[in-house]
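Enquirer: Structure file input.cif, mmCIF, C-alpha atoms, is pasted below:
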data_model
loop_
_atom_site.label_atom_id
_atom_site.label_comp_id
_atom_site.auth_asym_id
_atom_site.auth_seq_id
_atom_site.Cartn_x
_atom_site.Cartn_y
_atom_site.Cartn_z
CA MET A 117 -185.00 178.73 87.33
CA ASP A 118 -184.98 181.04 84.30
CA GLY A 119 -182.77 183.60 86.01
CA GLN A 120 -180.42 180.95 87.37
CA VAL A 121 -179.89 179.45 83.93
CA ALA A 122 -179.61 182.80 82.12
CA ARG A 123 -177.04 184.09 84.63
CA PRO A 124 -175.32 181.11 86.31
CA ASP A 125 -172.81 183.29 88.17
CA SER A 126 -173.36 181.51 91.47
CA ASP A 127 -173.14 178.00 90.04
CA PRO A 128 -169.75 177.24 88.44
CA ASP A 129 -170.84 173.72 87.48
CA LEU A 130 -173.84 175.08 85.57
CA ALA A 131 -171.73 177.81 83.99
CA ASP A 132 -169.19 175.23 82.87
CA LEU A 133 -171.95 173.07 81.35
CA LEU A 134 -173.61 175.99 79.57
CA ASP A 135 -170.28 176.98 78.09
CA LYS A 136 -170.33 173.72 76.14
CA PHE A 137 -173.54 174.78 74.34
CA VAL A 138 -174.59 177.52 71.96
CA CYS A 139 -177.30 179.11 74.09
CA VAL A 140 -180.32 180.75 72.48
CA ARG A 141 -183.19 182.50 74.25
CA VAL A 142 -186.51 182.69 72.38
CA VAL A 143 -189.14 185.07 73.80
CA GLN A 144 -191.80 185.20 71.11
CA ALA A 145 -193.07 182.76 68.51
CA TRP A 146 -193.41 184.64 65.20
CA GLY A 147 -191.44 182.80 62.54
CA LEU A 148 -191.00 179.73 64.72
CA ASP A 149 -190.68 176.42 62.83
CA LEU A 150 -193.64 174.60 64.39
CA SER A 151 -192.75 171.31 62.72
CA LEU A 152 -189.33 171.29 64.36
CA PHE A 153 -190.20 172.86 67.71
CA GLN A 154 -193.04 170.77 69.08
CA PHE A 155 -193.34 171.06 72.84
CA ASP A 156 -195.79 171.72 75.63
CA ASP A 157 -196.68 175.32 74.83
CA GLY A 158 -198.39 175.63 78.20
CA LEU A 159 -194.99 175.87 79.88
CA THR A 160 -193.50 179.23 80.75
CA TRP A 161 -190.00 177.79 80.48
CA SER A 162 -189.05 174.99 78.11
CA VAL A 163 -185.72 173.82 76.67
CA PHE A 164 -184.58 172.04 73.52
CA LEU A 165 -181.17 170.38 73.41
CA MET A 166 -180.12 169.68 69.85
CA ASN A 167 -177.58 169.42 67.10
CA ALA A 168 -176.95 172.15 64.52
CA ASP A 169 -178.46 169.83 61.90
CA ARG A 170 -181.80 170.03 63.77
CA THR A 171 -181.55 166.60 65.37
CA ILE A 172 -183.12 166.79 68.83
CA TYR A 173 -181.19 165.27 71.71
CA GLY A 174 -183.85 165.96 74.31
CA ARG A 175 -186.34 168.29 75.88
CA TYR A 176 -186.47 169.73 79.37
CA GLY A 177 -189.30 171.40 81.25
CA SER A 178 -192.44 169.92 82.80
CA LEU A 179 -195.43 171.21 84.70
CA SER A 180 -197.83 169.44 87.00
CA PRO A 181 -201.05 171.03 88.16
CA GLY A 182 -201.20 173.25 91.22
CA LYS A 183 -198.80 172.79 94.09
CA ALA A 184 -197.09 169.86 92.43
CA ALA A 185 -195.63 172.19 89.83
CA ALA A 186 -192.60 173.06 91.94
CA ARG A 187 -191.42 169.47 92.01
CA ASP A 188 -190.95 168.98 88.27
CA VAL A 189 -188.08 171.30 87.43
CA THR A 190 -184.85 171.44 89.45
CA LEU A 191 -181.46 172.92 88.73
CA GLU A 192 -179.75 169.62 89.53
CA GLY A 193 -182.10 167.76 87.21
CA PHE A 194 -181.45 170.32 84.49
CA LYS A 195 -177.69 169.90 84.83
CA LYS A 196 -178.08 166.13 84.50
CA ALA A 197 -180.15 166.64 81.37
CA LEU A 198 -177.38 168.85 79.96
CA GLN A 199 -174.85 166.12 80.74
CA GLY A 200 -177.11 163.62 79.00
CA ALA A 201 -177.29 165.84 75.94
CA LEU A 202 -173.51 166.18 75.86
CA GLU A 203 -173.17 162.39 75.97
CA LEU A 204 -175.58 162.09 73.04
CA HIS A 205 -173.70 164.82 71.18
CA ALA A 206 -170.40 163.02 71.73
CA ALA A 207 -171.88 159.83 70.31
CA TYR A 208 -173.47 161.59 67.33
CA PRO A 209 -173.99 160.69 64.46
CA ALA A 210 -173.69 157.00 65.34
CA ASN A 211 -176.89 157.36 67.42
CA LYS A 212 -178.79 159.38 64.80
CA SER A 213 -181.39 156.70 64.07
CA GLU A 214 -182.52 156.35 67.68
CA LEU A 215 -182.92 160.14 67.94
CA ALA A 216 -185.21 160.35 64.90
CA GLY A 217 -188.37 159.84 66.96
CA LYS A 218 -187.69 162.98 69.00
CA LYS A 219 -188.84 165.04 66.03
CA GLY A 220 -192.56 164.97 65.40
CA PRO A 221 -194.50 164.73 62.15
CA PRO A 222 -194.99 167.92 60.10
CA ALA A 223 -197.20 170.39 61.96
CA ALA A 224 -200.61 171.33 60.59
CA TRP A 225 -199.32 174.87 60.16
CA GLY A 226 -195.60 175.47 59.60
CA ALA A 227 -195.38 178.75 61.49
CA PRO A 228 -197.70 180.81 63.73
CA GLU A 229 -198.27 183.30 60.89
CA GLN A 230 -199.99 180.53 58.93
CA ILE A 231 -202.51 179.59 61.63
CA PRO A 232 -205.87 181.00 60.52
CA ALA A 233 -206.71 182.43 63.96
CA LEU A 234 -203.43 184.40 63.96
CA LYS A 235 -203.33 185.51 60.34
CA GLY A 236 -202.80 189.22 59.94
CA LYS A 237 -201.48 189.72 63.46
CA ALA A 238 -197.88 189.09 62.45
CA SER A 239 -197.93 191.88 59.89
CA ALA A 240 -199.63 194.46 62.10
CA ARG A 241 -197.22 197.32 62.77
CA ASN A 242 -197.06 200.24 65.16
CA SER A 243 -196.65 203.77 63.85
CA ASP A 244 -192.89 203.52 64.37
CA GLY A 245 -192.71 200.39 62.19
CA THR A 246 -192.16 197.91 65.02
CA ARG A 247 -194.37 194.85 65.21
CA ALA A 248 -197.61 195.62 67.02
CA SER A 249 -197.87 192.38 68.90
CA CYS A 250 -195.82 189.44 70.07
CA VAL A 251 -197.23 185.97 70.02
CA HIS A 252 -196.35 183.71 72.87
CA CYS A 253 -196.14 179.95 72.75
CA HIS A 254 -199.40 179.30 74.63
CA GLN A 255 -201.20 181.57 72.17
CA VAL A 256 -200.04 179.30 69.35
CA GLY A 257 -201.67 176.26 70.95
CA GLU A 258 -204.90 178.16 71.60
CA ALA A 259 -204.97 179.50 68.04
CA GLU A 260 -204.44 176.02 66.63
CA LEU A 261 -207.37 174.64 68.62
CA TRP A 262 -209.81 177.34 67.50
CA SER A 263 -208.59 177.19 63.93
CA ARG A 264 -209.27 173.46 63.84
CA ARG A 265 -212.77 174.11 65.20
CA SER A 266 -213.42 176.74 62.57
CA LEU A 267 -212.30 174.35 59.87
CA ARG A 268 -214.51 171.59 61.31
CA GLN A 269 -211.45 169.40 61.87
CA PRO A 270 -211.72 166.70 64.56
CA ILE A 271 -210.39 167.62 68.00
CA ARG A 272 -208.48 164.48 69.01
CA ASP A 273 -207.70 163.57 72.61
CA ASP A 274 -204.01 164.39 72.13
CA LEU A 275 -204.95 167.97 71.21
CA LEU A 276 -206.62 168.45 74.61
CA TRP A 277 -204.71 166.10 76.92
CA ARG A 278 -201.35 167.35 75.72
CA TYR A 279 -197.96 166.16 76.93
CA PRO A 280 -199.26 163.87 79.66
CA MET A 281 -197.18 163.71 82.80
CA PRO A 282 -195.83 160.26 83.72
CA ASP A 283 -198.31 160.30 86.62
CA SER A 284 -201.03 159.64 84.07
CA ILE A 285 -199.69 156.12 83.53
CA GLY A 286 -198.90 155.68 87.23
CA LEU A 287 -195.23 156.71 87.31
CA THR A 288 -193.74 159.31 89.63
CA LEU A 289 -190.28 160.35 88.41
CA ASP A 290 -187.47 161.99 90.34
CA PRO A 291 -187.00 165.59 89.13
CA VAL A 292 -183.29 165.35 90.01
CA GLU A 293 -182.22 161.95 88.74
CA ARG A 294 -182.93 161.78 85.01
CA ALA A 295 -186.27 159.91 84.65
CA THR A 296 -185.80 157.64 87.68
CA VAL A 297 -188.92 156.04 89.13
CA THR A 298 -189.70 157.00 92.73
CA ALA A 299 -193.25 155.63 92.98
CA ILE A 300 -195.74 153.50 91.04
CA ARG A 301 -199.50 153.77 91.42
CA PRO A 302 -201.13 150.41 92.12
CA GLY A 303 -203.29 149.14 89.28
CA SER A 304 -201.74 151.53 86.76
CA ALA A 305 -200.43 150.87 83.27
CA ALA A 306 -196.88 151.32 84.63
CA GLU A 307 -197.40 148.65 87.29
CA ARG A 308 -198.83 146.24 84.71
CA ALA A 309 -195.79 146.90 82.50
CA GLY A 310 -193.46 145.87 85.33
CA PHE A 311 -191.84 149.17 86.28
CA ARG A 312 -190.27 149.21 89.75
CA THR A 313 -189.18 151.93 92.13
CA GLY A 314 -185.55 152.79 91.41
CA ASP A 315 -185.73 151.96 87.70
CA ARG A 316 -184.06 154.57 85.54
CA ILE A 317 -185.80 154.89 82.18
CA ALA A 318 -182.94 154.71 79.68
CA LYS A 319 -185.07 154.47 76.54
CA LEU A 320 -188.72 154.83 75.70
CA ASP A 321 -190.06 153.91 72.30
CA GLY A 322 -186.41 153.41 71.28
CA GLN A 323 -185.51 157.03 72.14
CA PRO A 324 -182.84 157.87 74.74
CA VAL A 325 -184.43 159.62 77.73
CA ILE A 326 -182.63 162.42 79.56
CA SER A 327 -185.56 164.13 81.32
CA ILE A 328 -189.19 163.90 82.42
CA ALA A 329 -190.04 166.01 79.34
CA ASP A 330 -188.64 163.23 77.13
CA VAL A 331 -191.05 160.77 78.74
CA GLN A 332 -193.90 163.24 78.16
CA TRP A 333 -192.91 163.53 74.49
CA VAL A 334 -193.22 159.77 73.98
CA LEU A 335 -196.57 159.66 75.80
CA HIS A 336 -197.81 162.66 73.80
CA THR A 337 -196.97 161.04 70.45
CA ALA A 338 -197.77 157.41 71.32
CA LYS A 339 -200.07 155.61 68.91
CA VAL A 340 -203.14 154.33 70.71
CA PRO A 341 -204.23 151.76 71.35
CA GLY A 342 -200.74 150.37 71.30
CA THR A 343 -197.59 149.31 73.09
CA VAL A 344 -194.59 151.44 73.98
CA LYS A 345 -191.29 149.64 74.49
CA ALA A 346 -189.20 150.73 77.45
CA GLU A 347 -185.68 149.94 78.50
CA VAL A 348 -184.88 150.56 82.14
CA THR A 349 -181.65 150.29 84.09
CA ARG A 350 -182.24 148.19 87.20
CA ASP A 351 -179.48 147.14 89.58
CA GLY A 352 -176.94 147.82 86.86
CA ARG A 353 -178.72 145.70 84.24
CA SER A 354 -180.78 146.69 81.23
CA VAL A 355 -184.35 145.37 81.51
CA PRO A 356 -186.88 145.54 78.65
CA LEU A 357 -190.52 146.38 79.46
CA GLN A 358 -193.70 146.91 77.44
CA LEU A 359 -196.22 149.60 78.33
CA SER A 360 -199.73 149.04 76.97
CA LEU A 361 -201.89 152.11 76.34
CA SER A 362 -205.63 151.82 75.70
CA ALA A 363 -207.46 154.02 73.19
CA ASP A 364 -208.77 156.35 75.91
CA TRP A 365 -205.91 156.19 78.41
CA ARG A 366 -205.55 159.97 78.55
CA ARG A 367 -209.12 160.50 79.81
CA GLY A 368 -208.34 159.36 83.33
CA ASP A 369 -206.38 162.58 83.74
CA GLU A 370 -207.34 166.26 83.66
CA PHE A 371 -206.20 168.94 81.21
CA THR A 372 -208.22 171.88 82.44
CA TRP A 373 -205.67 172.81 85.09
CA ARG A 374 -203.66 174.41 82.27
CA ALA A 375 -203.65 178.21 82.12
CA SER A 376 -204.75 178.04 78.47
CA THR A 377 -208.09 176.55 79.55
CA ARG A 378 -209.21 179.96 80.80
CA ASP A 379 -209.63 181.11 77.20
CA LEU A 380 -211.51 177.91 76.40
CA ARG A 381 -213.92 178.40 79.33
CA TYR A 382 -214.58 182.01 78.43
CA GLN A 383 -215.35 181.14 74.82
CA VAL A 384 -217.35 177.95 75.32
CA THR A 385 -219.40 178.53 78.47
CA GLY A 386 -218.66 182.16 79.35
CA THR A 387 -217.50 181.09 82.78
CA GLU A 388 -214.53 180.71 85.05
CA ARG A 389 -213.60 177.26 86.32
CA LEU A 390 -216.24 174.54 86.79
CA GLU A 391 -215.32 173.01 90.12
CA PRO A 392 -216.33 169.50 91.20
CA LEU A 393 -218.71 169.51 94.14
CA PRO A 394 -217.16 168.30 97.40
CA ALA A 395 -218.29 164.89 98.69
CA ASP A 396 -220.40 166.20 101.57
CA GLU A 397 -222.36 168.49 99.29
CA ARG A 398 -222.92 165.69 96.78
CA THR A 399 -224.32 163.58 99.62
CA ARG A 400 -226.57 166.38 100.80
CA LEU A 401 -227.93 166.86 97.27
CA SER A 402 -228.17 163.08 96.70
CA ILE A 403 -225.89 163.16 93.65
CA PRO A 404 -224.43 159.66 93.12
CA ASP A 405 -220.68 159.08 92.77
CA GLY A 406 -219.48 159.27 89.19
CA LYS A 407 -222.33 161.56 88.13
CA MET A 408 -221.80 165.11 87.01
CA ALA A 409 -221.87 167.91 89.58
CA LEU A 410 -219.73 170.90 88.52
CA ARG A 411 -220.20 174.29 90.15
CA VAL A 412 -219.71 177.50 88.16
CA SER A 413 -217.09 179.40 90.15
CA GLY A 414 -217.49 182.65 88.26
CA ILE A 415 -218.52 184.36 85.05
CA ALA A 416 -216.22 185.59 82.26
CA PRO A 417 -215.39 189.31 82.23
CA ASP A 418 -217.66 191.73 80.38
CA TRP A 419 -215.28 192.13 77.45
CA PHE A 420 -215.65 188.44 76.64
CA LYS A 421 -219.42 188.51 76.42
CA ALA A 422 -219.49 189.42 72.75
CA ARG A 423 -217.31 186.42 71.86
CA ASN A 424 -219.50 183.89 73.64
CA PRO A 425 -222.77 183.13 71.87
CA SER A 426 -224.45 182.03 75.09
CA GLY A 427 -223.73 185.39 76.69
CA ARG A 428 -224.30 185.07 80.41
CA ASN A 429 -226.83 182.25 80.45
CA LEU A 430 -225.00 180.55 83.30
CA LYS A 431 -224.76 182.18 86.75
CA LYS A 432 -222.09 181.96 89.40
CA GLY A 433 -223.04 179.17 91.77
CA ASP A 434 -224.99 177.11 89.21
CA ILE A 435 -224.32 173.41 89.60
CA VAL A 436 -224.17 171.70 86.20
CA LEU A 437 -225.72 168.24 86.40
CA ALA A 438 -226.09 167.17 82.77
CA VAL A 439 -225.40 168.08 79.15
CA ASP A 440 -228.39 167.11 76.94
CA ALA A 441 -229.36 164.57 79.64
CA LYS A 442 -225.83 163.14 79.63
CA ARG A 443 -224.89 162.84 83.30
CA ASP A 444 -221.60 160.92 83.26
CA LEU A 445 -219.24 163.79 82.40
CA ALA A 446 -217.94 163.87 85.95
CA THR A 447 -214.91 166.11 85.38
CA GLU A 448 -214.42 169.51 83.82
CA SER A 449 -212.07 167.93 81.25
CA LEU A 450 -214.68 165.39 80.15
CA PHE A 451 -217.30 168.16 79.98
CA TYR A 452 -215.30 170.41 77.67
CA SER A 453 -213.92 167.55 75.60
CA HIS A 454 -217.51 166.38 74.97
CA LEU A 455 -218.53 169.82 73.75
CA LEU A 456 -215.46 170.23 71.52
CA GLN A 457 -215.32 166.69 70.16
CA ASP A 458 -218.96 165.69 69.87
CA LYS A 459 -220.65 168.96 68.87
CA ALA A 460 -220.15 171.28 65.94
CA PRO A 461 -219.47 175.01 66.04
CA GLY A 462 -222.77 176.89 66.32
CA GLN A 463 -224.62 173.85 67.65
CA GLY A 464 -227.02 174.33 70.54
CA TYR A 465 -227.19 172.18 73.66
CA GLN A 466 -229.06 172.10 76.97
CA LEU A 467 -227.53 172.14 80.40
CA THR A 468 -229.42 170.85 83.41
CA VAL A 469 -228.37 172.99 86.37
CA LEU A 470 -229.28 173.45 89.99
CA ARG A 471 -229.81 177.15 90.51
CA ASP A 472 -230.64 178.35 94.01
CA GLY A 473 -231.52 174.75 94.82
CA LYS A 474 -233.99 174.37 91.93
CA PRO A 475 -233.33 172.37 88.75
CA GLN A 476 -233.71 174.19 85.47
CA GLN A 477 -232.68 173.97 81.83
CA VAL A 478 -230.22 176.45 80.38
CA ALA A 479 -229.94 176.80 76.61
CA MET A 480 -226.38 177.23 75.34
CA THR A 481 -224.73 177.58 71.94
CA LEU A 482 -221.20 176.59 71.04
CA PRO A 483 -218.92 179.18 69.42
CA MET B 79 -151.11 186.42 46.91
CA ARG B 80 -154.57 187.79 46.24
CA ILE B 81 -156.15 184.33 46.70
CA ALA B 82 -154.12 183.77 49.87
CA GLY B 83 -155.26 187.19 51.10
CA ILE B 84 -158.91 186.29 50.46
CA GLY B 85 -158.35 182.98 52.27
CA VAL B 86 -156.91 184.74 55.30
CA GLY B 87 -159.83 187.15 55.25
CA VAL B 88 -162.35 184.29 55.27
CA VAL B 89 -160.57 182.57 58.16
CA LEU B 90 -160.46 185.78 60.16
CA GLY B 91 -164.14 186.44 59.42
CA LEU B 92 -165.15 182.97 60.61
CA ALA B 93 -163.04 183.34 63.72
CA CYS B 94 -164.78 186.63 64.47
CA LEU B 95 -168.21 185.04 64.07
CA ALA B 96 -167.29 182.21 66.41
CA ALA B 97 -165.90 184.58 68.99
CA ALA B 98 -168.52 187.30 68.44
CA PRO B 99 -170.24 188.37 71.64
CA PHE B 100 -173.99 188.18 71.91
CA ARG B 101 -174.97 189.95 68.71
CA SER B 102 -178.44 190.75 69.88
CA VAL B 103 -177.12 193.42 72.27
CA GLN B 104 -176.10 195.26 69.13
CA ASP B 105 -179.28 194.37 67.25
CA PRO B 106 -181.66 197.32 67.76
CA ALA B 107 -184.80 195.33 66.95
CA LYS B 108 -183.93 192.59 69.42
CA GLU B 109 -182.95 195.10 72.08
CA ALA B 110 -186.28 196.89 71.55
CA LEU B 111 -188.08 193.55 71.97
CA ARG B 112 -186.11 192.81 75.14
CA GLN B 113 -187.04 196.20 76.58
CA LYS B 114 -190.68 195.86 75.55
CA LEU B 115 -190.87 192.54 77.37
CA LYS B 116 -188.85 193.91 80.32
CA ASP B 117 -186.74 190.78 79.98
CA THR B 118 -184.04 191.13 82.61
CA ASN B 119 -182.92 187.53 82.19
CA ALA B 120 -181.22 188.09 78.84
CA GLY B 121 -177.83 186.89 80.05
CA PRO B 122 -174.48 187.70 78.45
CA GLY B 123 -173.27 185.09 76.00
CA TRP B 124 -176.83 184.17 74.97
CA ILE B 125 -178.16 184.69 71.45
CA TYR B 126 -181.39 186.66 71.82
CA ASP B 127 -184.50 185.56 69.94
CA ASP B 128 -182.60 184.45 66.83
CA VAL B 129 -182.72 180.72 66.26
CA ALA B 130 -181.11 180.99 62.81
CA GLN B 131 -178.05 182.64 64.29
CA GLY B 132 -177.95 179.88 66.88
CA PHE B 133 -177.90 177.18 64.23
CA ALA B 134 -175.16 179.02 62.33
CA ARG B 135 -172.98 179.39 65.39
CA ALA B 136 -173.55 175.76 66.44
CA LYS B 137 -172.56 174.57 62.96
CA LEU B 138 -169.41 176.65 63.09
CA THR B 139 -168.36 175.73 66.62
CA ARG B 140 -169.66 172.12 66.49
CA LYS B 141 -171.24 172.65 69.88
CA PRO B 142 -174.73 171.36 70.67
CA MET B 143 -177.51 173.92 71.04
CA LEU B 144 -179.55 174.80 74.09
CA ILE B 145 -182.69 176.75 73.18
CA VAL B 146 -184.81 178.20 75.98
CA PHE B 147 -188.41 179.11 75.14
CA ARG B 148 -189.55 181.63 77.69
#
Show how you would write the structure in this file as structure tokens.
Expert:
Amino acid sequence: MDGQVARPDSDPDLADLLDKFVCVRVVQAWGLDLSLFQFDDGLTWSVFLMNADRTIYGRYGSLSPGKAAARDVTLEGFKKALQGALELHAAYPANKSELAGKKGPPAAWGAPEQIPALKGKASARNSDGTRASCVHCHQVGEAELWSRRSLRQPIRDDLLWRYPMPDSIGLTLDPVERATVTAIRPGSAAERAGFRTGDRIAKLDGQPVISIADVQWVLHTAKVPGTVKAEVTRDGRSVPLQLSLSADWRRGDEFTWRASTRDLRYQVTGTERLEPLPADERTRLSIPDGKMALRVSGIAPDWFKARNPSGRNLKKGDIVLAVDAKRDLATESLFYSHLLQDKAPGQGYQLTVLRDGKPQQVAMTLP
Amino acid sequence: MRIAGIGVGVVLGLACLAAAPFRSVQDPAKEALRQKLKDTNAGPGWIYDDVAQGFARAKLTRKPMLIVFR
């Protein structure tokens, strides 16, 4: 996708569309205005469509976990997002007020250089005077998380479950046809709101929607508990809907599939991924449904040992059954969110694990 | 005459900025960054790693901006 967009030689339609924009390619984040450019920093390719006065028309770029990732970004969908942005540009500034919500509140730190965990790295220079290191977008998000921890600031759900995909509220959207619903999960918030297959989401929270990323932006910034107004186009008519979000709606989803979680695992538990035990193994070990059973798939590399206070207390193959006797953290996301949200830096905790078939207690300390 | 000459100069300068090719090719620091990152997708016509220049050109040309974060 990146190469096709950067050099659209084989796609005259795309080339013609791109010619209507001033195209900028950003490859590192030093000096980036973090208040203006708020987006899913876990993406390897993300797009802002905007006016020269910094009004945002829309975002493009989404990522689902694992094999689903390939479905989220398509060249045809991208071209339709560009067309959507051109329509918004043509109508500007009459539509300025409904675009205001596409810009977020001021960021905690205005630029990566100001984030405590990154301070000093921007000014480091090589012997030839060039900057010693780049900082990439995902590093900004990681640095923000650890800086908040160091400052004893609360780690809210939206800092972990970032930029939720529409699937999290039960919507599957077409990656080609600008935020059009292709499926609705029974019993989901989307079904209760009245979404139907074929609906095209024209507005969400009053903001025009030109991509799946625009839907993610509204979900990411939604006040909870609360209601998000939607306007869908259905059979040529505009239909208003209301989407209700509970206080903990994000927690039904996972966030640990993100590449940035590797750093979190290394620092917090000194491990690779904690994988849920398959059903047959749970049955064999008599572990009830809904109770914790996460297997340590591997141990962090040697060079990380010094940064993890618990060293190598956990072993590959350990099955984690409880944290301080708490057994209902059934997913890796709930496990790490509990440690980051409910425990302070430097605080100790006990893990109950099955090691070689025998239960034992493992003492851990949070960084 | 002098004022008219200055006016013509400003117009020509603005026209050059609007029509200027991809400045970053000529910007040694940006070219060094591109080579360091082995970024082979820095296409012609794109402004390279310079958002400020992007805003300036968009203001001048009245085109919308497309900013790729890669």
Enquirer: Give me, as a PyMOL selection string, all polymer residues having an atom no more than 6 Å from region 131-137 of chain B, counting only C-alpha atoms and skipping those fewer than 4 positions away in the same chain.
Expert: (chain A and resi 138+168) or (chain B and resi 141)
Enquirer: Using only C-alpha atoms, find the residues of chain B whose closest atom to chain A is at most 9 Å away, then write them as JSON, numbers by chain.
Expert: {"B": [107, 110, 111, 112, 115, 117, 118, 119, 120, 121, 122, 123, 124, 125, 126, 127, 128, 129, 131, 132, 133, 134, 135, 136, 137, 138, 139, 140, 141, 142, 143, 144, 145, 146, 147, 148]}
Enquirer: Quick one: residues within 12 Å of (-197.7, 156.8, 66.3) (file frame), counting all atoms listed in the file, please, as number ranges by chain.
Expert: A: 217, 220-221, 274, 321, 333-344, 361
Enquirer: Go ahead and write the residues just picked, C-alpha atoms, as a short mmCIF file (atom, residue, chain, number, x, y, z; two decimals), in the coordinates of the input.
Expert:
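What follows is the written file again-v8.cif:
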data_model
loop_
_atom_site.label_atom_id
_atom_site.label_comp_id
_atom_site.auth_asym_id
_atom_site.auth_seq_id
_atom_site.Cartn_x
_atom_site.Cartn_y
_atom_site.Cartn_z
CA GLY A 217 -188.37 159.84 66.96
CA GLY A 220 -192.56 164.97 65.40
CA PRO A 221 -194.50 164.73 62.15
CA ASP A 274 -204.01 164.39 72.13
CA ASP A 321 -190.06 153.91 72.30
CA TRP A 333 -192.91 163.53 74.49
CA VAL A 334 -193.22 159.77 73.98
CA LEU A 335 -196.57 159.66 75.80
CA HIS A 336 -197.81 162.66 73.80
CA THR A 337 -196.97 161.04 70.45
CA ALA A 338 -197.77 157.41 71.32
CA LYS A 339 -200.07 155.61 68.91
CA VAL A 340 -203.14 154.33 70.71
CA PRO A 341 -204.23 151.76 71.35
CA GLY A 342 -200.74 150.37 71.30
CA THR A 343 -197.59 149.31 73.09
CA VAL A 344 -194.59 151.44 73.98
CA LEU A 361 -201.89 152.11 76.34
#
Enquirer: Return as a PyMOL selection string the set of residues that the PyMOL selection byres ((chain A and resi 226-239) around 6) yields on the displayed structure.
Expert: chain A and resi 146-151+223+225+240+259+263
Enquirer: Quick one: apply the PyMOL selection byres ((chain A and resi 479) around 12) to the file and drop the selected residues here as a list of chain:residue names.
Expert: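 Applied to this file, the PyMOL selection byres ((chain A and resi 479) around 12) selects A:Thr385, A:Pro425, A:Ser426, A:Gly427, A:Arg428, A:Asn429, A:Leu430, A:Val439, A:Asp440, A:Gln463, A:Gly464, A:Tyr465, A:Gln466, A:Leu467, A:Thr468, A:Val469, A:Gln476, A:Gln477, A:Val478, A:Met480, A:Thr481, A:Leu482.
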Enquirer: I need the residues from that last selection saved to file as a CSV table (one decimal), keeping the file's coordinate frame (with C-alpha atoms), if you can.
Expert:
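Below you can see selection-v7.csv, which holds the result:
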chain,number,residue,atom,x,y,z
A,385,THR,CA,-219.4,178.5,78.5
A,425,PRO,CA,-222.8,183.1,71.9
A,426,SER,CA,-224.4,182.0,75.1
A,427,GLY,CA,-223.7,185.4,76.7
A,428,ARG,CA,-224.3,185.1,80.4
A,429,ASN,CA,-226.8,182.2,80.4
A,430,LEU,CA,-225.0,180.6,83.3
A,439,VAL,CA,-225.4,168.1,79.2
A,440,ASP,CA,-228.4,167.1,76.9
A,463,GLN,CA,-224.6,173.8,67.6
A,464,GLY,CA,-227.0,174.3,70.5
A,465,TYR,CA,-227.2,172.2,73.7
A,466,GLN,CA,-229.1,172.1,77.0
A,467,LEU,CA,-227.5,172.1,80.4
A,468,THR,CA,-229.4,170.8,83.4
A,469,VAL,CA,-228.4,173.0,86.4
A,476,GLN,CA,-233.7,174.2,85.5
A,477,GLN,CA,-232.7,174.0,81.8
A,478,VAL,CA,-230.2,176.4,80.4
A,480,MET,CA,-226.4,177.2,75.3
A,481,THR,CA,-224.7,177.6,71.9
A,482,LEU,CA,-221.2,176.6,71.0
Enquirer: Check the smallest atom-to-atom distance from each of A:Arg301, A:Lys459, A:Lys431, A:Arg471 to Arg268 (chain A) using all atoms listed in the file, then report the winner.
Expert: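 For Arg268 (chain A), the nearest of the candidates is A:Lys459.
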Enquirer: Find the residues around region 364-381 of chain A up to 7 Å (only C-alpha atoms counted), leave out those fewer than 5 positions away in its own chain, and share them as number ranges by chain.
Expert: A: 158, 181, 254, 258, 276-277, 284, 386-388, 448-449
Enquirer: Those residues with C-alpha atoms, as a PDB file, in the coordinates of the input please?
Expert:
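out-v3.pdb written:
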ATOM      1  CA  GLY A 158    -198.390 175.630  78.200  1.00  0.00           C
ATOM      2  CA  PRO A 181    -201.050 171.030  88.160  1.00  0.00           C
ATOM      3  CA  HIS A 254    -199.400 179.300  74.630  1.00  0.00           C
ATOM      4  CA  GLU A 258    -204.900 178.160  71.600  1.00  0.00           C
ATOM      5  CA  LEU A 276    -206.620 168.450  74.610  1.00  0.00           C
ATOM      6  CA  TRP A 277    -204.710 166.100  76.920  1.00  0.00           C
ATOM      7  CA  SER A 284    -201.030 159.640  84.070  1.00  0.00           C
ATOM      8  CA  GLY A 386    -218.660 182.160  79.350  1.00  0.00           C
ATOM      9  CA  THR A 387    -217.500 181.090  82.780  1.00  0.00           C
ATOM     10  CA  GLU A 388    -214.530 180.710  85.050  1.00  0.00           C
ATOM     11  CA  GLU A 448    -214.420 169.510  83.820  1.00  0.00           C
ATOM     12  CA  SER A 449    -212.070 167.930  81.250  1.00  0.00           C
TER      13      SER A 449
END
Enquirer: Quick one: apply the PyMOL selection byres ((chain A and resi 196) around 12) to the file and drop the selected residues here as an MDAnalysis selection string.
Expert: chainID A and resid 129:130 133:134 174 176 189:195 197:203 290:296 325:328
Enquirer: Could you jot down the CA of Arg312 (chain A) to CA of Ser362 (chain A) separation for me, Å, one decimal place?
Expert: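 CA of Arg312 (chain A) sits 21.0 Å away from CA of Ser362 (chain A).
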Enquirer: By how many Å are CA of Ala210 (chain A) and CA of Gln332 (chain A) apart?
Expert: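 CA of Gln332 (chain A) lies at a distance of 24.7 Å from CA of Ala210 (chain A).
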Enquirer: What is the distance, in Å and to one decimal place, between CA of Ser213 (chain A) and CA of Val348 (chain A)?
Expert: 19.4 Å
Enquirer: Which one of A:Ala460, A:Leu401, A:Met408, A:Leu450 sits closest to Ala438 (chain A) if you count all atoms listed in the file?
Expert: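 Result for the nearest residue to Ala438 (chain A): A:Met408.
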